[in-house]
Structure formats: structure tokens, C-alpha cells
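J.: The structure is given below, and queries will be raised subsequently.
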Amino acid sequence: MAKQTDLELYELIKTKDKSALETLYSRYEKLLYSFAYRMTNDKQAAEEVMQDVFVKLWRGRGAGHYVKERGKFSSWLLTITRNASIDLLRKKKVQEVEWDGRDSLNEDLPGVEQVIEDKEERDQLRNAIDTLPDEQQRMICLFYFQGLSQREIAEKCDIPLGTVKGRVRLALKKLREHLEKEGGIVHER
Amino acid sequence: MNDKYCGKIIDYINDQLTDKEKQEFEKHLNECPDCQEELQELEDLMGDIPSYMNEVTPPPGMRERVLDEVFSEEDSKSDEPLRIEKNARTGKWKAWAGALAAGLLLSIGVNVFTGIQLNQLASQNEKLESNLTDIQVALSELQERQTDQSSPVKPSQRTQLASTGEGGGEGLATLIERKIGQELLIQVQDLAQLEGDEVYQVWLIDGETPEPAGSFMTDASGNGAVTFTLEEDGNKSWDAIAVSKEPQPNNTTPQGDIVLQSEL
Ligand SMILES: [Zn+2]
């Protein structure tokens, strides 16, 4: 039997076909978990993200509803995984503030090192980020890994609100150049 | 062209907009080629970042835990406008469902709702009461799944929750009697939209002391519901019941404004 495509599986999931969800889970477990782990830097949190993502997918409504306009199915899955990670990070931050009192609000954010520290081994992404100037590293950290709002980024970096978008774009562009330069692996796109 | 929405791309990508803002932005996106192009560019730039990350091995047993949790959703009627949320105090849906099924209910007794003027309940509750039927069905299904010795669910006493602020909304608190205990059911409609991490939190108030009694979220039309098991801790009685809008879940004392309340 031919391997079912992601979309075929997704259609079956909409009819509450459990084995279709299990198949899709197996297909994406490692990719999504690894991603959630790098976003949250916490194994427990990454598992919570997985739960959130697959519950949404099973419900098939709101954030869990896929339409072709959202682009490739796998990219869409990564997007909802990223959003679920950001959401969890935000909740954790609120809790920390609650425990530690108001002072921690003013504490400096952890540097990019801490946020994407990989306890196992450095990967291409980490290497590429390290080559960027500090300001661009910070943009990647605040925008991509912490998922902050435009206003929050402007405040943390003490820059005008209107310049945030441009700086994020520049940092992402530079990151991509470095990633492609180091290259080596072929990506499915 | 460059109207106020064009500046929201970053917040759109990071999922930082409220539902309403998101809808407005998406509407704008359809009409603004600049935004379409920028969004596409940013998404392309971000798109393959994950493929440069090392793989991490998932912890043992995760597959089962995740899938179990997902499929346990199946029968809980998640398509209904009401959402039965986790009990904020135990924090564990499964533990809660187990307790419900085992009939570990009741503490405060039928007298909680003495003094309720049942004749307050006028026809405007029709909508709420039809929702109630759904919840009863959901509850009894849940119970049947967990145990053979299911007892029939019947609402015993109820009180109307009145809006306290400008936000509007109304609600109904119902005490559901079972053979062995009681369940408190709160249903609301027309409440203001929640934003970010906000939740609606139910409180049972004894004198000055509020105790959390379940939290819930609302759907797009401001409907929501939650059930709460009354614990077995003697003959405690309560003076009032209130619903507040909390900035985040799991608060043990109210931080937000009370939106609905009723004396008991
Ligand atoms: Zn625009």
C-alpha cells in the first residue's frame, strides 16, 4: 500500500480516525518535539507543547484547522508548534513573575546563549546564530525564540516601534545567509 | 496602503493579536499587497530554521501520554460552545474525572443553596437551560465511561448570577444532585471576550474568603461553562458565588474584576 500523504491523513483525522492521527504523530514526533524543545529549552514543556499541538489537530478547529492557503502542511504544523511554544513560554513567564515578585520584571532577559543552549551538541543553527552581530542575535532571540510582541521588542532593545519589523527582517536574512553558506544538508522545501 | 494594520505583521506572526485584531488583520491582508509580500518574505525566512536544529530524542512514553490525552478529548463534546475546563485546583482533568465517577463529591450540602429565590428564574434563562441539557449529557457520558454504577444526574437548585460591571453578561449556578454527592455547575452567556492568558474564574465566598471553584474560557459569543466538585470537608456553607476575569489561570485569590455574582 502506498504511503498516505499528510493531507490524506489530515482528511481522515477530520473524520476522527485515530490511526490516522497516530500515523501522523509518528511521522512528526521527532521533528516537532525537537523544535518545541529548542523553543522552550525544557523537556517537560516540550511535551506539553506536543500535547497542545495534537489536541488542536484532533479537534480540528481554530488553530488546529488547516487550509491549503496556509502553505505546506509540514510548515503549518511547525507554525502551530511554534505558537504553542510561545504561548507556554508566556504563561511560564507570568508564573515566574508571580513567584518572584515585581523585581524580576526588570531583570535582563537571558542572552541568546541561555535561551537556545543545547545541552547535547551544537547544531548548525547555533553556529550560524553565533556568527551574527550581537544586535541581530538578540533580535532572533526575542522575536523568534521568545515570540515577543513588537512593543516588547522595542522596549527591550530601546528602539522605536516602527523599526522593529525592519530589524527582525534583517536579522532573519543574515541568519539565512549564514545557514546557506554553511549548508551541507539538503532541506526539503 | 500603509494604514495602521501594516504595522501588525510582527504581532500577527507571533500570534500576539486578539481574535478580533487577528480577523481585522487578515481582512486587511487580503487587500494589501505590501503586507502579503512582507508576510511571505518573513515566513520564507523563518520557514526552514527548524531544519537546522539537531534532533532531540523524545522522552520514553511520550507517545502514549500524548495520544491518550488527545483521545480522552473525544467524548467530551469539545465542539459545543461550552468548554468544560480543568478544575483549577487539582489541575488534572483525569484525576477530576475519576473523582467525579467514583462519586467523591459533596461537602457543603444542599443547604448551600437555601435562600435562593427560585422564582427569580424567569424566562430569560431558557437559553442557559437548553445548554444545561448538553452538559448533563456530557456529564453522564463521562460518568458512564468511568464506572458501571452510574447514578442519574438531576439539577436540584439553581441561582442566577447577575452582572456587576459594564461588561454585561449573565449566568446560572446549578447544584447537581447525585446519589452520593453534588456538583456545582456554572454557565454563562454574553461575557466579554478574554484576551491573552485571561480566564474566567469561579469563586465560592465564605465571609471575606474566596475559594477558587473552577475556571473556564468563553467562546466567540461569550458562552462558557464549568463544573466543580464540592469537596468532602464537612458542613461548610458559603455566602456568595462570584465569577471574576483573571489575568491568568490558577490564581488562588482574585486579582481581576468580579463580573458576575450572586448571594447564596
Ligand atoms: Zn498592509
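Identifiers for the C-alpha cells are assigned positionally: chains receive A, B, ... in sequence, residues are indexed from 1 per chain, and ligands are indexed from 1 in the order shown.
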List all protein, DNA and RNA residues that have an atom no more than 8 Å from any atom of ligand 1, counting only C-alpha atoms and all ligand atoms, and report them as a tab-separated table (two decimals) with N, CA and C atoms, in the first residue's frame.
T.:
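Dumped everything to part-v2.tsv:
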chain	number	residue	atom	x	y	z
B	1	MET	N	-3.15	51.44	1.72
B	1	MET	CA	-1.74	51.03	1.75
B	1	MET	C	-1.20	51.01	3.17
B	2	ASN	N	-0.48	52.05	3.54
B	2	ASN	CA	0.22	51.98	4.81
B	2	ASN	C	-0.67	52.42	5.97
B	3	ASP	N	-1.71	51.66	6.22
B	3	ASP	CA	-2.57	52.05	7.33
B	3	ASP	C	-2.12	51.36	8.62
B	4	LYS	N	-2.91	51.49	9.65
B	4	LYS	CA	-2.44	51.01	10.96
B	4	LYS	C	-2.20	49.51	11.01
B	5	TYR	N	-2.83	48.77	10.09
B	5	TYR	CA	-2.67	47.32	10.15
B	5	TYR	C	-1.29	46.88	9.65
B	6	CYS	N	-0.72	47.67	8.73
B	6	CYS	CA	0.56	47.26	8.15
B	6	CYS	C	1.62	47.08	9.23
B	7	GLY	N	1.46	47.77	10.35
B	7	GLY	CA	2.43	47.65	11.42
B	7	GLY	C	2.23	46.44	12.31
B	28	HIS	N	-7.42	42.86	6.27
B	28	HIS	CA	-6.51	43.83	5.67
B	28	HIS	C	-5.53	43.14	4.73
B	29	LEU	N	-5.04	42.01	5.17
B	29	LEU	CA	-4.04	41.27	4.40
B	29	LEU	C	-4.54	40.96	2.99
B	31	GLU	N	-6.32	42.67	1.22
B	31	GLU	CA	-6.41	43.86	0.37
B	31	GLU	C	-5.09	44.59	0.23
B	32	CYS	N	-4.07	44.17	0.97
B	32	CYS	CA	-2.82	44.93	1.00
B	32	CYS	C	-1.66	44.11	0.44
B	33	PRO	N	-1.28	44.40	-0.81
B	33	PRO	CA	-0.17	43.65	-1.43
B	33	PRO	C	1.14	43.80	-0.66
B	34	ASP	N	1.36	44.98	-0.07
B	34	ASP	CA	2.60	45.19	0.70
B	34	ASP	C	2.70	44.17	1.83
B	35	CYS	N	1.60	44.05	2.58
B	35	CYS	CA	1.60	43.13	3.71
B	35	CYS	C	1.73	41.68	3.24
B	36	GLN	N	1.05	41.36	2.15
B	36	GLN	CA	1.16	39.99	1.64
B	36	GLN	C	2.61	39.65	1.34
J.: How close does chain B get to chain A? List, as CSV, each residue of chain B within 10 Å, its nearest atom pair and the distance in Å to one decimal, counting only C-alpha atoms.
T.:
residue,atom,partner,partner_atom,distance
B:Gly7,CA,A:Gly162,CA,7.4
B:Lys8,CA,A:Gln150,CA,8.0
B:Ile9,CA,A:Lys165,CA,7.9
B:Ile10,CA,A:Gln150,CA,6.0
B:Asp11,CA,A:Ser149,CA,5.3
B:Tyr12,CA,A:Ser149,CA,8.9
B:Ile13,CA,A:Gly147,CA,8.6
B:Asn14,CA,A:Gly147,CA,5.3
B:Asp15,CA,A:Asn83,CA,6.5
B:Gln16,CA,A:Ser149,CA,6.2
B:Leu17,CA,A:Ser149,CA,9.0
B:Glu38,CA,A:Arg169,CA,9.2
B:Glu41,CA,A:Arg169,CA,8.5
B:Leu42,CA,A:Arg169,CA,6.6
B:Glu43,CA,A:Ser75,CA,9.5
B:Asp44,CA,A:Leu172,CA,9.8
B:Leu45,CA,A:Leu172,CA,6.1
B:Met46,CA,A:Leu172,CA,7.0
B:Gly47,CA,A:Ser75,CA,6.7
B:Asp48,CA,A:Arg189,CA,7.7
B:Ile49,CA,A:Leu125,CA,7.3
B:Pro50,CA,A:Phe35,CA,6.2
B:Ser51,CA,A:His187,CA,7.0
B:Tyr52,CA,A:Leu125,CA,5.2
B:Met53,CA,A:Leu125,CA,5.8
B:Asn54,CA,A:Asp123,CA,5.5
B:Glu55,CA,A:Ser34,CA,5.3
B:Val56,CA,A:Ser34,CA,4.8
B:Thr57,CA,A:Lys30,CA,6.8
B:Pro58,CA,A:Tyr33,CA,6.5
B:Pro59,CA,A:Lys43,CA,7.9
B:Met62,CA,A:Glu47,CA,7.2
B:Arg63,CA,A:Tyr25,CA,8.0
B:Glu64,CA,A:Glu22,CA,9.9
B:Arg65,CA,A:Gln51,CA,8.4
B:Val66,CA,A:Gln51,CA,5.2
B:Leu67,CA,A:Glu22,CA,7.5
B:Asp68,CA,A:Gln51,CA,9.6
B:Glu69,CA,A:Gln51,CA,7.3
B:Val70,CA,A:Val55,CA,5.0
B:Phe71,CA,A:Lys18,CA,7.9
B:Ser72,CA,A:Val55,CA,9.6
B:Glu73,CA,A:Val55,CA,7.7
B:Glu74,CA,A:Lys16,CA,8.4
B:Ser78,CA,A:Arg59,CA,7.4
B:Asp79,CA,A:Arg59,CA,7.9
B:Gly196,CA,A:Asp87,CA,8.9
B:Asp197,CA,A:Lys91,CA,7.1
B:Pro247,CA,A:Val94,CA,9.3
B:Gln248,CA,A:Val94,CA,7.7
B:Pro249,CA,A:Lys91,CA,8.9
B:Asn250,CA,A:Gln95,CA,9.5
B:Asn251,CA,A:Glu98,CA,9.7
J.: Hey, what's within 7 Å of Ala213 of chain B if we count only C-alpha atoms and toss same-chain stuff fewer than 5 positions away? As a ChimeraX atom specification, please?
T.: /B:202-204,228
J.: Measure the distance from atom CA of Ile153 of chain A to atom CA of Thr40 of chain A in Å and round it to one decimal.
T.: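 One can read the atom CA of Ile153 of chain A to atom CA of Thr40 of chain A distance as 18.4 Å.
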J.: Between atom CA of Leu230 of chain B and atom CA of Glu263 of chain B, measure the distance and give it in Å to one decimal.
T.: 17.7 Å
J.: Would you list the contacts of Gln201 of chain B as JSON, numbers by chain, taking every protein, DNA or RNA residue within 9 Å and counting only C-alpha atoms, but skipping same-chain residues closer than 4 positions in sequence?
T.: {"B": [88, 212, 213, 214, 215, 216, 217, 242, 243, 244, 245, 246, 249, 250, 251, 254]}
J.: Could the residues in this selection be written to a file with N, CA, C and O atoms, as a compact mmCIF listing (two decimals), in the first residue's frame?
T.:
# COMPACT_ATOMS: atom_id res chain seq x y z
N ALA B 88 -9.27 23.99 38.36
CA ALA B 88 -8.04 24.73 38.58
C ALA B 88 -7.30 24.25 39.82
O ALA B 88 -6.11 24.42 39.94
N PRO B 212 -11.23 29.35 45.11
CA PRO B 212 -11.43 29.06 43.69
C PRO B 212 -12.30 27.82 43.48
O PRO B 212 -12.16 26.84 44.21
N ALA B 213 -13.19 27.92 42.52
CA ALA B 213 -14.11 26.80 42.27
C ALA B 213 -14.23 26.53 40.78
O ALA B 213 -15.31 26.43 40.22
N GLY B 214 -13.08 26.45 40.11
CA GLY B 214 -13.10 26.12 38.69
C GLY B 214 -12.94 27.35 37.82
O GLY B 214 -13.34 28.45 38.19
N SER B 215 -12.33 27.17 36.67
CA SER B 215 -12.18 28.28 35.74
C SER B 215 -12.62 27.83 34.36
O SER B 215 -12.71 26.64 34.09
N PHE B 216 -12.92 28.79 33.52
CA PHE B 216 -13.37 28.43 32.18
C PHE B 216 -13.03 29.54 31.21
O PHE B 216 -12.68 30.64 31.60
N MET B 217 -13.14 29.19 29.94
CA MET B 217 -12.98 30.19 28.89
C MET B 217 -14.31 30.29 28.15
O MET B 217 -15.15 29.41 28.27
N ALA B 242 -19.19 34.03 42.93
CA ALA B 242 -18.82 35.12 42.03
C ALA B 242 -17.96 34.58 40.89
O ALA B 242 -17.32 33.54 41.01
N VAL B 243 -17.98 35.31 39.79
CA VAL B 243 -17.12 35.00 38.66
C VAL B 243 -16.27 36.23 38.38
O VAL B 243 -16.79 37.33 38.28
N SER B 244 -14.96 36.04 38.32
CA SER B 244 -14.09 37.18 38.01
C SER B 244 -13.29 36.88 36.75
O SER B 244 -13.12 35.73 36.37
N LYS B 245 -12.80 37.95 36.14
CA LYS B 245 -11.93 37.79 34.98
C LYS B 245 -10.50 37.92 35.47
O LYS B 245 -10.09 38.99 35.92
N GLU B 246 -9.75 36.82 35.42
CA GLU B 246 -8.39 36.82 35.96
C GLU B 246 -7.37 36.97 34.83
O GLU B 246 -7.56 36.43 33.74
N PRO B 249 -4.59 31.92 34.50
CA PRO B 249 -5.24 30.83 35.21
C PRO B 249 -4.58 30.55 36.57
O PRO B 249 -3.47 31.00 36.83
N ASN B 250 -5.26 29.78 37.39
CA ASN B 250 -4.71 29.24 38.63
C ASN B 250 -4.42 30.25 39.72
O ASN B 250 -3.60 30.01 40.60
N ASN B 251 -5.03 31.40 39.67
CA ASN B 251 -4.90 32.31 40.80
C ASN B 251 -5.62 31.72 42.01
O ASN B 251 -6.69 31.16 41.89
N PRO B 254 -8.51 36.30 44.07
CA PRO B 254 -8.89 37.08 42.88
C PRO B 254 -7.96 38.28 42.66
O PRO B 254 -7.65 38.98 43.60
J.: When you look at Gln4 of chain A with a cut-off of 10 Å (counting only C-alpha atoms), what residues show up, excluding the ones that are within fewer than 3 positions of it in the same chain? I need them as a list in words.
T.: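 So the residues in contact are Met1, Leu7, Glu8, Leu9, Tyr10, Ala20, Thr23 and Leu24 of chain A.
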J.: Measure the distance from atom CA of Ser85 of chain A to atom CA of Asp158 of chain A in Å and round it to one decimal.
T.: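 That distance, rounded to one decimal, is 25.4 Å.
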J.: Taking the backbone alone, and naming residues the way the document does, which bits of segment 31-172 of chain A are alpha helix (DSSP H) by DSSP, as JSON, numbers by chain?
T.: {"A": [31, 32, 33, 34, 35, 36, 37, 38, 39, 40, 43, 44, 45, 46, 47, 48, 49, 50, 51, 52, 53, 54, 55, 56, 57, 58, 59, 73, 74, 75, 76, 77, 78, 79, 80, 81, 82, 83, 84, 85, 86, 87, 88, 89, 90, 91, 92, 93, 94, 95, 96, 97, 98, 99, 100, 103, 104, 105, 106, 112, 113, 114, 115, 116, 124, 125, 126, 127, 128, 129, 130, 134, 135, 136, 137, 138, 139, 150, 151, 152, 153, 154, 155, 156, 157, 164, 165, 166, 167, 168, 169, 170, 171, 172]}
J.: Have a look at B:Leu39, B:Ala173, B:Leu264, B:Val188 and name the one nearest to Tyr200 of chain B; count only C-alpha atoms.
T.: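 When distances to Tyr200 of chain B are compared using only C-alpha atoms, the smallest one comes from B:Val188.
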